[in-house]
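For reference, model-v5.txt (compact mmCIF, C-alpha atoms and all ligand atoms):
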```txt
# COMPACT_ATOMS: atom_id res chain seq x y z
CA MET B 30 -9.42 28.26 -48.39
CA GLY B 31 -8.50 25.79 -51.11
CA SER B 32 -11.96 24.41 -51.61
CA LYS B 33 -14.16 25.49 -54.48
CA ALA B 34 -17.26 27.31 -53.37
CA SER B 35 -19.41 25.67 -55.99
CA THR B 36 -20.68 22.42 -54.63
CA GLU B 37 -20.72 20.98 -58.11
CA GLY B 38 -17.54 22.38 -59.59
CA GLU B 39 -19.05 22.45 -63.00
CA ASN B 40 -18.69 24.60 -66.07
CA THR B 41 -21.73 26.54 -67.02
CA GLY B 42 -21.51 26.51 -70.79
CA GLU B 43 -25.18 26.07 -71.49
CA ALA B 44 -27.33 26.85 -74.53
CA GLU B 45 -25.68 29.19 -76.95
CA LYS B 46 -25.83 30.31 -80.55
CA THR B 47 -23.91 28.16 -82.97
CA GLU B 48 -22.79 30.91 -85.34
CA THR B 49 -19.27 29.52 -85.58
CA VAL B 50 -20.35 25.99 -86.47
CA PRO B 51 -21.41 25.45 -90.07
CA THR B 52 -24.02 22.92 -91.14
CA PRO B 53 -24.78 20.13 -90.54
CA LEU B 54 -25.99 20.94 -87.08
CA PRO B 55 -24.33 18.83 -84.45
CA ARG B 56 -26.63 16.52 -82.55
CA LEU B 57 -24.98 17.36 -79.28
CA LYS B 58 -25.98 20.76 -78.06
CA ASN B 59 -23.00 23.08 -77.98
CA ALA B 60 -20.78 20.57 -79.68
CA ILE B 61 -17.99 21.55 -82.02
CA ALA B 62 -16.92 18.96 -84.59
CA LEU B 63 -13.19 19.15 -85.08
CA ASN B 64 -13.47 18.77 -88.85
CA GLN B 65 -16.02 21.56 -89.03
CA ILE B 66 -13.98 24.40 -87.65
CA THR B 67 -13.72 26.91 -90.41
CA HIS B 68 -13.54 30.23 -88.70
CA ALA B 69 -10.26 31.72 -87.79
CA ASN B 70 -10.03 34.93 -85.90
CA ASP B 71 -7.52 37.44 -84.75
CA ILE B 72 -7.21 36.29 -81.19
CA ARG B 73 -3.80 34.72 -80.79
CA PHE B 74 -1.72 33.41 -77.93
CA GLY B 75 1.97 32.59 -77.67
CA ASN B 76 3.32 35.43 -79.82
CA GLY B 77 0.77 34.74 -82.51
CA ARG B 78 1.44 31.02 -82.77
CA PHE B 79 -1.89 29.72 -81.43
CA VAL B 80 -5.20 30.81 -82.96
CA TYR B 81 -8.11 30.85 -80.54
CA MET B 82 -11.03 28.76 -81.79
CA ASP B 83 -13.51 28.44 -78.96
CA ALA B 84 -13.87 28.24 -75.22
CA ILE B 85 -14.33 24.62 -74.14
CA GLY B 86 -14.13 24.85 -70.39
CA ARG B 87 -14.28 27.11 -67.43
CA GLY B 88 -12.95 26.61 -63.94
CA GLY B 89 -12.48 28.52 -60.77
CA PHE B 90 -9.37 30.25 -62.08
CA GLY B 91 -9.83 30.82 -65.79
CA ILE B 92 -10.91 29.30 -69.06
CA VAL B 93 -9.80 26.47 -71.27
CA ALA B 94 -9.74 27.32 -74.98
CA MET B 95 -9.43 25.17 -78.04
CA VAL B 96 -6.62 26.58 -80.17
CA VAL B 97 -4.91 25.64 -83.40
CA ASP B 98 -1.15 25.75 -83.80
CA THR B 99 -0.42 27.81 -86.92
CA ASP B 100 2.85 25.90 -87.47
CA THR B 101 1.32 22.43 -87.56
CA SER B 102 -2.47 23.00 -87.82
CA ASN B 103 -2.90 20.69 -84.83
CA PRO B 104 -5.60 21.53 -82.28
CA TYR B 105 -4.74 21.82 -78.59
CA ALA B 106 -6.40 22.72 -75.33
CA MET B 107 -4.99 25.93 -73.88
CA LYS B 108 -5.63 26.48 -70.18
CA MET B 109 -5.46 30.16 -69.47
CA GLU B 110 -5.47 31.61 -65.97
CA ARG B 111 -5.06 35.06 -64.57
CA CYS B 112 -4.00 33.99 -61.14
CA ALA B 113 -0.80 32.05 -60.71
CA VAL B 114 -1.68 30.31 -57.46
CA SER B 115 -2.58 26.89 -58.85
CA TYR B 116 -0.54 27.33 -62.01
CA LYS B 117 2.84 26.35 -60.58
CA ASN B 118 1.32 23.29 -58.93
CA GLU B 119 -0.26 22.26 -62.15
CA VAL B 120 2.84 22.69 -64.30
CA GLU B 121 4.89 20.67 -61.81
CA ALA B 122 2.25 17.95 -61.75
CA TYR B 123 2.05 17.73 -65.55
CA GLU B 124 5.84 17.49 -65.72
CA LYS B 125 5.89 14.65 -63.20
CA LEU B 126 3.04 12.89 -64.97
CA MET B 127 4.55 12.92 -68.45
CA GLY B 128 3.91 9.60 -70.15
CA VAL B 129 1.10 8.50 -67.85
CA GLN B 130 -1.70 6.90 -69.84
CA GLY B 131 -4.85 8.86 -69.06
CA VAL B 132 -3.20 12.22 -68.40
CA PRO B 133 -3.30 14.69 -71.33
CA LYS B 134 0.11 15.35 -72.83
CA PHE B 135 1.64 18.59 -71.69
CA TYR B 136 3.44 20.52 -74.42
CA SER B 137 4.42 23.96 -73.23
CA THR B 138 3.72 26.77 -70.85
CA PHE B 139 4.16 30.51 -71.24
CA ARG B 140 3.00 33.84 -69.90
CA GLU B 141 1.48 36.63 -71.87
CA GLN B 142 -0.17 39.86 -70.83
CA GLY B 143 -0.40 38.83 -67.19
CA PHE B 144 -1.89 35.43 -67.94
CA THR B 145 -0.41 31.97 -67.64
CA PHE B 146 -0.96 29.40 -70.38
CA LEU B 147 -0.69 25.62 -70.45
CA GLN B 148 -0.69 23.95 -73.84
CA LEU B 149 -2.27 20.51 -73.44
CA GLU B 150 -3.42 17.60 -75.53
CA LEU B 151 -7.02 18.21 -76.53
CA VAL B 152 -9.46 15.67 -75.14
CA GLY B 153 -13.24 15.30 -75.49
CA ILE B 154 -16.24 15.91 -73.31
CA ASN B 155 -16.01 15.49 -69.57
CA LEU B 156 -18.12 13.07 -67.54
CA LEU B 157 -20.44 15.78 -66.25
CA GLN B 158 -21.16 16.94 -69.81
CA PHE B 159 -21.46 13.33 -70.95
CA VAL B 160 -24.19 12.60 -68.41
CA ARG B 161 -25.98 15.82 -69.31
CA ALA B 162 -25.79 15.11 -73.02
CA LYS B 163 -27.29 11.68 -72.39
CA GLY B 164 -30.15 13.31 -70.54
CA ARG B 165 -29.99 10.70 -67.81
CA LYS B 166 -27.65 9.42 -65.15
CA LEU B 167 -25.66 6.32 -66.00
CA ARG B 168 -26.77 2.82 -65.17
CA ARG B 169 -24.67 1.25 -62.47
CA THR B 170 -23.16 -1.19 -64.93
CA GLU B 171 -22.16 1.73 -67.17
CA ALA B 172 -20.48 3.59 -64.33
CA PHE B 173 -18.80 0.42 -63.09
CA LYS B 174 -17.43 -0.18 -66.57
CA LEU B 175 -15.40 3.01 -66.20
CA VAL B 176 -13.95 2.06 -62.81
CA PRO B 177 -10.90 0.06 -63.95
CA GLN B 178 -9.70 2.97 -66.09
CA MET B 179 -10.34 5.49 -63.35
CA ILE B 180 -8.47 3.43 -60.78
CA ASP B 181 -5.59 2.77 -63.18
CA ILE B 182 -5.13 6.49 -63.79
CA LEU B 183 -5.32 7.27 -60.10
CA GLU B 184 -2.87 4.50 -59.26
CA GLN B 185 -0.37 5.84 -61.78
CA ILE B 186 -0.72 9.37 -60.42
CA HIS B 187 -0.09 8.00 -56.93
CA GLU B 188 2.83 5.94 -58.25
CA ARG B 189 4.44 9.20 -59.31
CA GLY B 190 4.14 10.43 -55.75
CA LEU B 191 1.19 12.77 -56.24
CA VAL B 192 -2.33 13.03 -54.87
CA HIS B 193 -4.83 14.68 -57.20
CA ALA B 194 -7.05 16.23 -54.50
CA ASP B 195 -9.93 17.28 -56.76
CA ILE B 196 -11.52 14.11 -58.14
CA LYS B 197 -14.96 14.87 -59.60
CA PRO B 198 -16.99 14.10 -62.76
CA ALA B 199 -15.87 17.29 -64.57
CA ASN B 200 -12.25 16.24 -64.09
CA PHE B 201 -12.60 13.03 -66.09
CA ALA B 202 -12.93 13.35 -69.85
CA PHE B 203 -13.18 10.99 -72.80
CA GLY B 204 -10.53 11.00 -75.47
CA LEU B 205 -11.20 12.13 -79.02
CA GLY B 206 -11.64 10.04 -82.17
CA SER B 207 -10.11 6.59 -81.85
CA GLU B 208 -9.34 7.37 -78.19
CA CYS B 209 -12.98 8.04 -77.37
CA ASN B 210 -13.37 5.01 -75.13
CA ARG B 211 -10.39 6.07 -73.05
CA LEU B 212 -10.73 8.23 -69.97
CA TYR B 213 -8.39 11.08 -69.09
CA MET B 214 -7.91 12.86 -65.81
CA LEU B 215 -7.85 16.67 -65.85
CA ASP B 216 -7.07 19.57 -63.57
CA PHE B 217 -3.95 19.22 -61.46
CA GLY B 218 -4.29 22.60 -59.79
CA PHE B 219 -4.59 21.11 -56.30
CA THR B 220 -2.26 18.20 -56.93
CA SER B 221 0.51 17.84 -54.38
CA PRO B 222 3.32 15.42 -53.56
CA PHE B 223 2.87 13.01 -50.66
CA LEU B 224 6.40 11.59 -50.63
CA ASP B 225 9.59 13.24 -49.44
CA SER B 226 12.90 13.11 -51.33
CA ASP B 227 13.67 9.70 -49.74
CA GLY B 228 10.38 8.28 -50.96
CA GLU B 229 8.88 8.28 -47.45
CA HIS B 230 5.32 9.39 -46.90
CA LEU B 231 5.16 12.97 -45.67
CA GLU B 232 4.02 13.52 -42.12
CA ALA B 233 0.41 14.58 -41.81
CA THR B 234 0.26 18.35 -41.79
CA THR B 235 -2.74 20.58 -41.59
CA ARG B 236 -4.11 23.16 -43.97
CA PRO B 237 -7.51 24.41 -45.14
CA PRO B 238 -9.74 21.82 -46.88
CA ARG B 239 -8.85 21.28 -50.51
CA GLY B 240 -11.01 20.13 -53.41
CA THR B 241 -14.62 20.56 -54.49
CA VAL B 242 -17.05 20.46 -51.57
CA LEU B 243 -19.51 18.00 -53.08
CA TYR B 244 -16.86 15.35 -53.68
CA MET B 245 -14.22 15.98 -51.01
CA SER B 246 -13.64 13.19 -48.52
CA ALA B 247 -15.22 13.26 -45.07
CA ASN B 248 -11.76 13.85 -43.58
CA GLN B 249 -11.42 17.10 -45.47
CA HIS B 250 -14.31 18.45 -43.38
CA LEU B 251 -12.84 17.27 -40.10
CA SER B 252 -11.52 20.43 -38.60
CA ILE B 253 -8.69 19.43 -36.32
CA SER B 254 -7.47 22.81 -35.24
CA SER B 255 -8.90 26.23 -35.06
CA ALA B 256 -7.59 29.45 -33.72
CA LEU B 257 -9.47 31.94 -31.70
CA ILE B 258 -7.53 35.15 -31.86
CA LEU B 259 -8.49 37.61 -29.21
CA LEU B 260 -7.30 41.13 -29.65
CA SER B 261 -7.40 43.59 -26.83
CA ARG B 262 -8.24 47.25 -27.35
CA SER B 263 -4.53 48.10 -27.12
CA GLN B 264 -3.67 45.74 -29.93
CA ARG B 265 -6.11 47.38 -32.22
CA SER B 266 -3.61 49.76 -33.71
CA THR B 267 -1.66 46.88 -35.22
CA ILE B 268 -4.60 45.71 -37.21
CA THR B 269 -6.18 49.03 -38.04
CA VAL B 270 -6.71 48.08 -41.63
CA VAL B 271 -8.63 44.94 -40.75
CA LEU B 272 -10.75 46.64 -38.16
CA ASN B 273 -11.53 49.53 -40.42
CA SER B 274 -12.94 47.17 -42.96
CA LEU B 275 -15.04 45.56 -40.26
CA LYS B 276 -16.26 48.78 -38.70
CA SER B 277 -19.79 48.22 -39.79
CA CYS B 278 -20.03 44.95 -37.84
CA ASN B 279 -21.26 45.49 -34.30
CA GLY B 280 -19.17 44.20 -31.45
CA ILE B 281 -16.00 43.65 -33.45
CA ASN B 282 -14.16 46.70 -32.25
CA GLN B 283 -13.01 45.14 -28.99
CA TYR B 284 -11.81 41.77 -30.11
CA LEU B 285 -11.58 39.83 -33.29
CA THR B 286 -12.50 36.18 -33.47
CA LEU B 287 -10.82 34.42 -36.28
CA GLU B 288 -11.79 30.88 -36.99
CA VAL B 289 -9.26 28.87 -38.92
CA ILE B 290 -10.57 25.74 -40.54
CA GLU B 291 -7.83 23.20 -40.98
CA CYS B 292 -7.80 19.53 -41.77
CA THR B 293 -5.19 16.90 -42.48
CA ASP B 294 -3.52 17.16 -45.88
CA ASN B 295 -5.01 14.97 -48.62
CA SER B 296 -3.53 11.54 -49.07
CA ARG B 297 -4.27 8.61 -51.38
CA ARG B 298 -7.30 7.46 -49.40
CA ASP B 299 -8.99 10.85 -49.93
CA ASP B 300 -8.66 10.54 -53.72
CA LEU B 301 -10.34 7.14 -53.57
CA GLU B 302 -13.17 8.39 -51.39
CA SER B 303 -13.79 11.28 -53.80
CA LEU B 304 -13.84 8.74 -56.62
CA VAL B 305 -16.62 6.81 -54.84
CA TYR B 306 -18.68 10.01 -54.52
CA THR B 307 -17.99 10.74 -58.20
CA LEU B 308 -19.29 7.30 -59.17
CA MET B 309 -22.34 7.65 -56.96
CA ASP B 310 -23.09 10.99 -58.54
CA ILE B 311 -22.88 9.84 -62.16
CA CYS B 312 -25.16 6.89 -61.32
CA LYS B 313 -28.55 7.57 -59.94
CA VAL B 314 -27.42 7.60 -56.33
CA SER B 315 -28.00 10.93 -54.73
CA LEU B 316 -25.37 12.42 -52.48
CA PRO B 317 -27.21 13.19 -49.21
CA TRP B 318 -25.20 16.38 -48.66
CA ARG B 319 -25.98 17.81 -52.09
CA ASN B 320 -28.43 20.37 -50.75
CA LEU B 321 -26.40 21.52 -47.77
CA GLN B 322 -25.06 25.03 -48.01
CA ALA B 323 -21.42 25.48 -48.95
CA PRO B 324 -19.56 25.21 -45.63
CA THR B 325 -18.00 28.44 -44.49
CA ASN B 326 -17.40 27.70 -40.82
CA ARG B 327 -16.31 24.88 -38.59
CA CYS B 328 -19.83 23.99 -37.60
CA ALA B 329 -20.93 23.60 -41.21
CA HIS B 330 -17.86 21.50 -41.99
CA HIS B 331 -18.74 19.23 -39.10
CA ALA B 332 -22.24 18.83 -40.48
CA TYR B 333 -20.68 17.70 -43.77
CA PHE B 334 -18.30 15.41 -41.92
CA ASP B 335 -21.09 13.70 -40.01
CA ILE B 336 -23.26 13.15 -43.04
CA LYS B 337 -20.37 11.98 -45.24
CA GLN B 338 -19.28 9.52 -42.56
CA GLY B 339 -22.71 7.89 -42.73
CA GLY B 340 -21.93 5.73 -39.73
CA THR B 341 -18.94 3.40 -39.44
CA ASP B 342 -19.76 1.45 -42.59
CA GLY B 343 -21.12 4.34 -44.64
CA SER B 344 -24.52 2.65 -44.54
CA LYS B 345 -26.40 5.88 -43.96
CA ILE B 346 -25.06 7.33 -47.20
CA CYS B 347 -26.60 4.77 -49.52
CA ASP B 348 -27.65 1.16 -49.61
CA VAL B 349 -25.87 0.15 -52.81
CA PRO B 350 -23.56 -2.69 -51.66
CA GLU B 351 -20.68 -1.75 -53.98
CA PHE B 352 -20.55 1.85 -52.76
CA LYS B 353 -20.91 0.83 -49.13
CA LYS B 354 -18.08 -1.65 -49.47
CA ALA B 355 -15.84 0.82 -51.32
CA LEU B 356 -16.45 3.49 -48.68
CA MET B 357 -15.63 1.04 -45.92
CA MET B 358 -12.37 0.27 -47.68
CA CYS B 359 -11.51 3.98 -47.88
CA ARG B 360 -12.34 4.48 -44.21
CA ALA B 361 -10.16 1.55 -43.21
CA LEU B 362 -7.08 3.09 -44.82
CA GLU B 363 -4.53 4.87 -42.68
CA TYR B 364 -3.37 8.34 -43.66
CA ASP B 365 -0.16 7.05 -45.24
CA GLU B 366 -1.38 3.65 -46.38
CA LYS B 367 -1.14 2.53 -49.98
CA PRO B 368 -4.59 1.44 -51.17
CA ASN B 369 -5.12 -1.99 -52.66
CA TYR B 370 -6.19 -0.74 -56.08
CA GLU B 371 -6.93 -4.21 -57.50
CA LYS B 372 -9.20 -5.05 -54.57
CA PHE B 373 -10.95 -1.74 -55.05
CA LYS B 374 -11.53 -2.52 -58.72
CA ARG B 375 -12.95 -5.94 -57.86
CA VAL B 376 -15.70 -4.31 -55.80
CA PHE B 377 -17.13 -2.91 -59.03
CA GLU B 378 -16.32 -5.85 -61.30
CA LEU B 379 -18.93 -6.66 -63.94
CA ASN B 380 -19.85 -10.22 -64.83
CA ILE B 381 -18.64 -11.62 -68.15
CA VAL B 382 -21.84 -10.83 -70.04
CA GLN B 383 -22.05 -7.27 -68.71
CA ALA B 384 -18.37 -6.67 -69.41
CA ALA B 385 -18.88 -7.78 -73.00
CA THR B 386 -22.08 -5.88 -73.71
CA VAL B 387 -21.94 -2.63 -71.75
CA SER B 388 -20.30 0.18 -73.65
CA VAL B 389 -19.72 3.72 -72.39
CA LYS B 390 -18.41 6.29 -74.83
CA PRO B 391 -19.58 9.57 -76.35
CA ASP B 392 -22.01 9.34 -79.26
CA LEU B 393 -19.93 11.86 -81.17
CA PRO B 394 -16.30 10.88 -80.73
CA ASP B 395 -14.86 13.81 -82.68
CA GLN B 396 -16.60 16.60 -80.84
CA VAL B 397 -15.69 18.84 -77.99
CA TYR B 398 -18.18 20.80 -75.98
CA ARG B 399 -18.40 24.55 -76.24
CA CYS B 400 -18.65 26.69 -73.13
CA ASN B 401 -20.50 29.99 -73.15
CA LEU B 402 -18.21 32.85 -72.25
CA ARG B 403 -19.18 35.55 -69.81
CA ARG B 404 -18.77 39.12 -70.92
CA GLU B 405 -15.73 39.77 -68.80
CA GLU B 406 -14.09 36.65 -70.21
CA GLU B 407 -14.74 37.84 -73.74
CA GLU B 408 -13.19 41.16 -72.83
CA VAL B 409 -10.11 39.37 -71.59
CA LEU B 410 -9.82 37.48 -74.87
CA LEU B 411 -9.97 40.73 -76.78
CA LYS B 412 -6.69 41.70 -75.14
CA PHE B 413 -5.15 39.06 -77.35
CA ASP B 414 -6.58 40.45 -80.57
CA ILE B 415 -3.55 40.95 -82.82
CA ASN B 416 -5.16 44.00 -84.40
CA LYS B 417 -5.46 45.74 -81.10
CA GLU B 418 -2.59 47.87 -80.01
CA VAL B 419 -1.39 46.95 -76.56
CA THR B 420 -0.96 50.23 -74.80
CA GLU B 421 -2.78 49.71 -71.56
CA THR B 422 -0.65 50.30 -68.52
CA ALA B 423 -2.97 47.96 -66.62
CA GLU B 424 -1.47 45.08 -68.54
CA ILE B 425 2.00 46.08 -67.57
CA ALA B 426 0.87 46.36 -63.97
CA GLU B 427 -0.52 42.84 -64.18
CA LEU B 428 2.77 41.55 -65.44
CA ILE B 429 4.64 43.17 -62.63
CA GLU B 430 2.14 41.82 -60.14
CA LEU B 431 2.57 38.33 -61.51
CA ASP B 432 6.34 38.48 -61.55
CA ASN B 433 6.36 39.65 -57.96
CA SER B 434 3.98 36.94 -56.85
CA PRO B 435 5.51 34.16 -54.75
CA ASP B 436 4.54 31.71 -57.49
CA ALA B 437 6.30 33.53 -60.28
CA GLU B 438 9.10 31.57 -61.87
CA ASP B 439 12.60 32.92 -61.81
N1 LIG A 1 -6.97 19.08 -72.16
C1 LIG A 1 -8.26 19.39 -72.27
N2 LIG A 1 -8.95 19.09 -73.39
C2 LIG A 1 -10.28 19.40 -73.50
N3 LIG A 1 -10.99 20.00 -72.54
C3 LIG A 1 -10.35 20.32 -71.39
C4 LIG A 1 -8.96 20.05 -71.21
N4 LIG A 1 -8.60 20.49 -69.99
C5 LIG A 1 -9.72 21.01 -69.44
N5 LIG A 1 -10.77 20.91 -70.27
C6 LIG A 1 -12.17 21.33 -70.03
O1 LIG A 1 -12.16 22.49 -69.22
C7 LIG A 1 -12.82 22.25 -67.96
C8 LIG A 1 -12.12 23.02 -66.88
O2 LIG A 1 -10.76 22.62 -66.85
P1 LIG A 1 -9.98 22.48 -65.47
O3 LIG A 1 -10.77 21.62 -64.54
O4 LIG A 1 -8.59 22.07 -65.77
O5 LIG A 1 -10.01 24.00 -65.00
P2 LIG A 1 -10.07 24.58 -63.53
O6 LIG A 1 -9.97 26.06 -63.66
O7 LIG A 1 -9.03 23.95 -62.69
O8 LIG A 1 -11.52 24.09 -63.12
P3 LIG A 1 -12.20 23.91 -61.69
O9 LIG A 1 -11.98 25.16 -60.94
O10 LIG A 1 -13.66 23.63 -62.00
O11 LIG A 1 -11.57 22.69 -61.07
C9 LIG A 1 -12.79 20.72 -67.80
O12 LIG A 1 -13.86 20.25 -67.00
C10 LIG A 1 -12.91 20.25 -69.24
O13 LIG A 1 -14.25 20.21 -69.64
```
Any chance you could put this one into structure tokens?
Amino acid sequence: MGSKASTEGENTGEAEKTETVPTPLPRLKNAIALNQITHANDIRFGNGRFVYMDAIGRGGFGIVAMVVDTDTSNPYAMKMERCAVSYKNEVEAYEKLMGVQGVPKFYSTFREQGFTFLQLELVGINLLQFVRAKGRKLRRTEAFKLVPQMIDILEQIHERGLVHADIKPANFAFGLGSECNRLYMLDFGFTSPFLDSDGEHLEATTRPPRGTVLYMSANQHLSISSALILLSRSQRSTITVVLNSLKSCNGINQYLTLEVIECTDNSRRDDLESLVYTLMDICKVSLPWRNLQAPTNRCAHHAYFDIKQGGTDGSKICDVPEFKKALMMCRALEYDEKPNYEKFKRVFELNIVQAATVSVKPDLPDQVYRCNLRREEEEVLLKFDINKEVTETAEIAELIELDNSPDAED
């Protein structure tokens, strides 16, 4: 299934030693000031061109590292993934989104030792980290101040014929330095086109829900088809492998019930609905489904659907008029309908005084946020130590596996 099991979709880089950051101590826990990076090490990517500095993010498929280009001394974000499933999607999306304000610049991509790499413009802390660093949720006026930028980015992504499909706080980040009051959109691993080659909206197709459970639209939980596959005793031989692995489960040796959760493909309205949930979450408006278990079957998805629907006008979700209105607008959109982005922005418009006085930006505009690596991730990085001889056949096997994968480039 394309959804992320974590209901929060967050990185878990919590408290950690700051041995690589010299004095003065940063005020933001885990922060790395760009002008304070002094340590260089022997971990290199891209045939030695990029020096690894620190891990700054983690996702479902790999890590994001801060690196420095030895040719230019410029820092970059390097997204490194073992699995190539979302990689091709993401590269295609970044290529289509070149030049969009609010999407990090995409510089290059390469493969090394069975891993895929994306060299990206380095941006600052994400919205989830921002809220945590503040130690409180945002005031509504603060969150609303961000809306025009968020909608503008989303509109431009849609203008290029793509739906993002994983809108959440961790996928918005502030820029660095003089760009620190600008928002950027990250993570195009689930991004997909919604227009055909003639510019027509694609027909609604079905596939497993996509996105991060906490923020995915109600529609993504609406299972519209499921398959019940009954296998007679005589058919067993054809699926011996499956049945063998299920031997320990009572009652499965006569028939196999396979439930397929499918929903309608994401379209523009789903991105907007996820944006409303993102805004609710960064303000002090709790998401009523936050404590539900991650949905693994149709019944659980329906429970999510019901609660996210919150009645026809979303009134059972929360009583904040702006969110209610925005949700109603999302619900009123047809699958292939272009949203009225300006109208959507107006729902969250601040008055003149608020617009002039409310400011939302990181306290430390030159700092990125370090993410604690797990042991296995550190071990992976050590594969890229230039002092270490690469002799392991496992690495060659990985390469072969990757090149044979359906996503491998020609
Ligand atoms: N260009 C960048 N500059 C700075 N930090 C970044 C950049 N890209 C990603 N990050 C950091 O890394 C985190 C994870 O990145 P991203 O969401 O792209 O990875 P992912 O594997 O797709 O994650 P997930 O599975 O949670 O969606 C982001 O939340 C962000 O904090």
Surroundings of ligand LIG 1 (chain A) up to 7 Å, based on all atoms listed in the file, as a PyMOL selection string: chain B and resi 33+38-40+85-93+106+108+133+149-155+199-200+202+215-218
Item to check | Residue contacts of Thr170 of chain B (9 Å, all atoms listed in the file) excluding same-chain residues fewer than 5 positions away, as an MDAnalysis selection string | outcome: chainID B and resid 175 377 379 383:384 387
Taking all atoms listed in the file into account, which of B:Leu212, B:Val114, B:Cys359, B:Val192 comes nearest Phe144 of chain B?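 Checking each of B:Leu212, B:Val114, B:Cys359, B:Val192 against Phe144 of chain B, counting all atoms listed in the file, the winner is B:Val114.
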- Provide the atom CA of Ser246 of chain B to atom CA of Phe203 of chain B distance in Å, to one decimal place.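 So the two atoms, atom CA of Ser246 of chain B and atom CA of Phe203 of chain B, lie 24.4 Å apart.
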- Rounded to one decimal in Å, what is the spacing between atom CA of Ser102 of chain B and atom CA of Leu157 of chain B?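 Those two atoms sit 29.0 Å apart.
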Item to complete: Tell me, in Å to one decimal, how far atom CA of Lys372 of chain B is from atom CA of Leu191 of chain B.
Response: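 Those two atoms sit 20.7 Å apart.
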Which of these residues is nearest to Phe373 of chain B, using only C-alpha atoms: B:Phe352, B:Tyr306, B:Phe201, B:Phe139?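 Looking only at the distances to Phe373 of chain B, the closest residue turns out to be B:Phe352.
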Q: Tell me which protein, DNA and RNA residues are within 12 Å of Val389 of chain B, counting all atoms listed in the file, leaving out same-chain ones fewer than 4 positions away, and put them as a PyMOL selection string.
A: chain B and resi 156+159-160+163+167-176+178+203+209-212+383-385+393-394
(request) List every protein, DNA or RNA residue that has at least one atom no more than 12 Å from (-4.1, 1.1, -65.8) in the file's coordinates, counting only C-alpha atoms, and write the result as a list in words. (result)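 These residues have at least one counted atom within 12 Å: Val129, Gln130, Gly131, Val132, Leu175, Val176, Pro177, Gln178, Met179, Ile180, Asp181, Ile182, Leu183, Glu184, Gln185, Ile186, His187, Glu188, Arg211, Leu212, Tyr213, Tyr370, Glu371 and Lys374 of chain B.
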Give me, as CSV, each residue of segment 296-405 of chain B that comes within 9 Å of segment 222-231 of chain B, together with its shortest interatomic pair and the distance in Å at one decimal, counting all atoms listed in the file, with rows ordered by chain and rising residue number.
```
residue,atom,partner,partner_atom,distance
B:Ser296,CA,B:Phe223,CA,6.8
B:Arg297,CA,B:Phe223,CA,8.4
B:Asp365,CA,B:His230,CA,6.2
B:Glu366,CA,B:His230,CA,8.8
```
Please identify all polymer residues within 8 Å of His330 of chain B, counting all atoms listed in the file, omitting same-chain residues fewer than 6 positions from it, and present them as an mmCIF file with C-alpha atoms, in the coordinates of the input.
```cif
data_model
loop_
_atom_site.group_PDB
_atom_site.id
_atom_site.type_symbol
_atom_site.label_atom_id
_atom_site.label_comp_id
_atom_site.auth_asym_id
_atom_site.auth_seq_id
_atom_site.Cartn_x
_atom_site.Cartn_y
_atom_site.Cartn_z
ATOM 1 C CA HIS B 250 -14.310 18.450 -43.380
ATOM 2 C CA LEU B 251 -12.840 17.270 -40.100
ATOM 3 C CA SER B 252 -11.520 20.430 -38.600
ATOM 4 C CA PRO B 324 -19.560 25.210 -45.630
#
```
| request: Tell me which of B:Arg111, B:Tyr105, B:Met82, B:Ala247 sits closest to Ala332 of chain B, counting only C-alpha atoms. | output: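 Ranking B:Arg111, B:Tyr105, B:Met82, B:Ala247 by distance to Ala332 of chain B, first place goes to B:Ala247.
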Closest of B:Asp348, B:Ile311, B:Glu408, B:Val242 to Ala329 of chain B - atom-to-atom distances counting only C-alpha atoms:
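With only C-alpha atoms as the atom set, the closest residue is B:Val242.
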Among B:Gln249, B:Gln396, B:Gln338, B:Thr101, Ser207 of chain B is approached most closely, using only C-alpha atoms, by B:Gln396
May I ask you to restore N, CA and C atoms in segment 212-218 of chain B and write the result as a compact mmCIF listing (two decimals), in the frame of the given file?
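Once everything was written out, this is selection04.txt:
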```txt
# COMPACT_ATOMS: atom_id res chain seq x y z
N LEU B 212 -10.49 7.10 -70.89
CA LEU B 212 -10.73 8.23 -69.97
C LEU B 212 -9.42 8.95 -69.68
N TYR B 213 -9.54 10.24 -69.46
CA TYR B 213 -8.39 11.08 -69.09
C TYR B 213 -8.73 11.82 -67.81
N MET B 214 -7.72 12.09 -67.04
CA MET B 214 -7.91 12.86 -65.81
C MET B 214 -7.42 14.29 -66.06
N LEU B 215 -8.20 15.27 -65.62
CA LEU B 215 -7.85 16.67 -65.85
C LEU B 215 -7.60 17.40 -64.53
N ASP B 216 -7.13 18.62 -64.67
CA ASP B 216 -7.07 19.57 -63.57
C ASP B 216 -6.17 19.16 -62.41
N PHE B 217 -4.92 19.56 -62.50
CA PHE B 217 -3.95 19.22 -61.46
C PHE B 217 -3.59 20.43 -60.61
N GLY B 218 -4.53 21.36 -60.53
CA GLY B 218 -4.29 22.60 -59.79
C GLY B 218 -4.10 22.41 -58.29
```
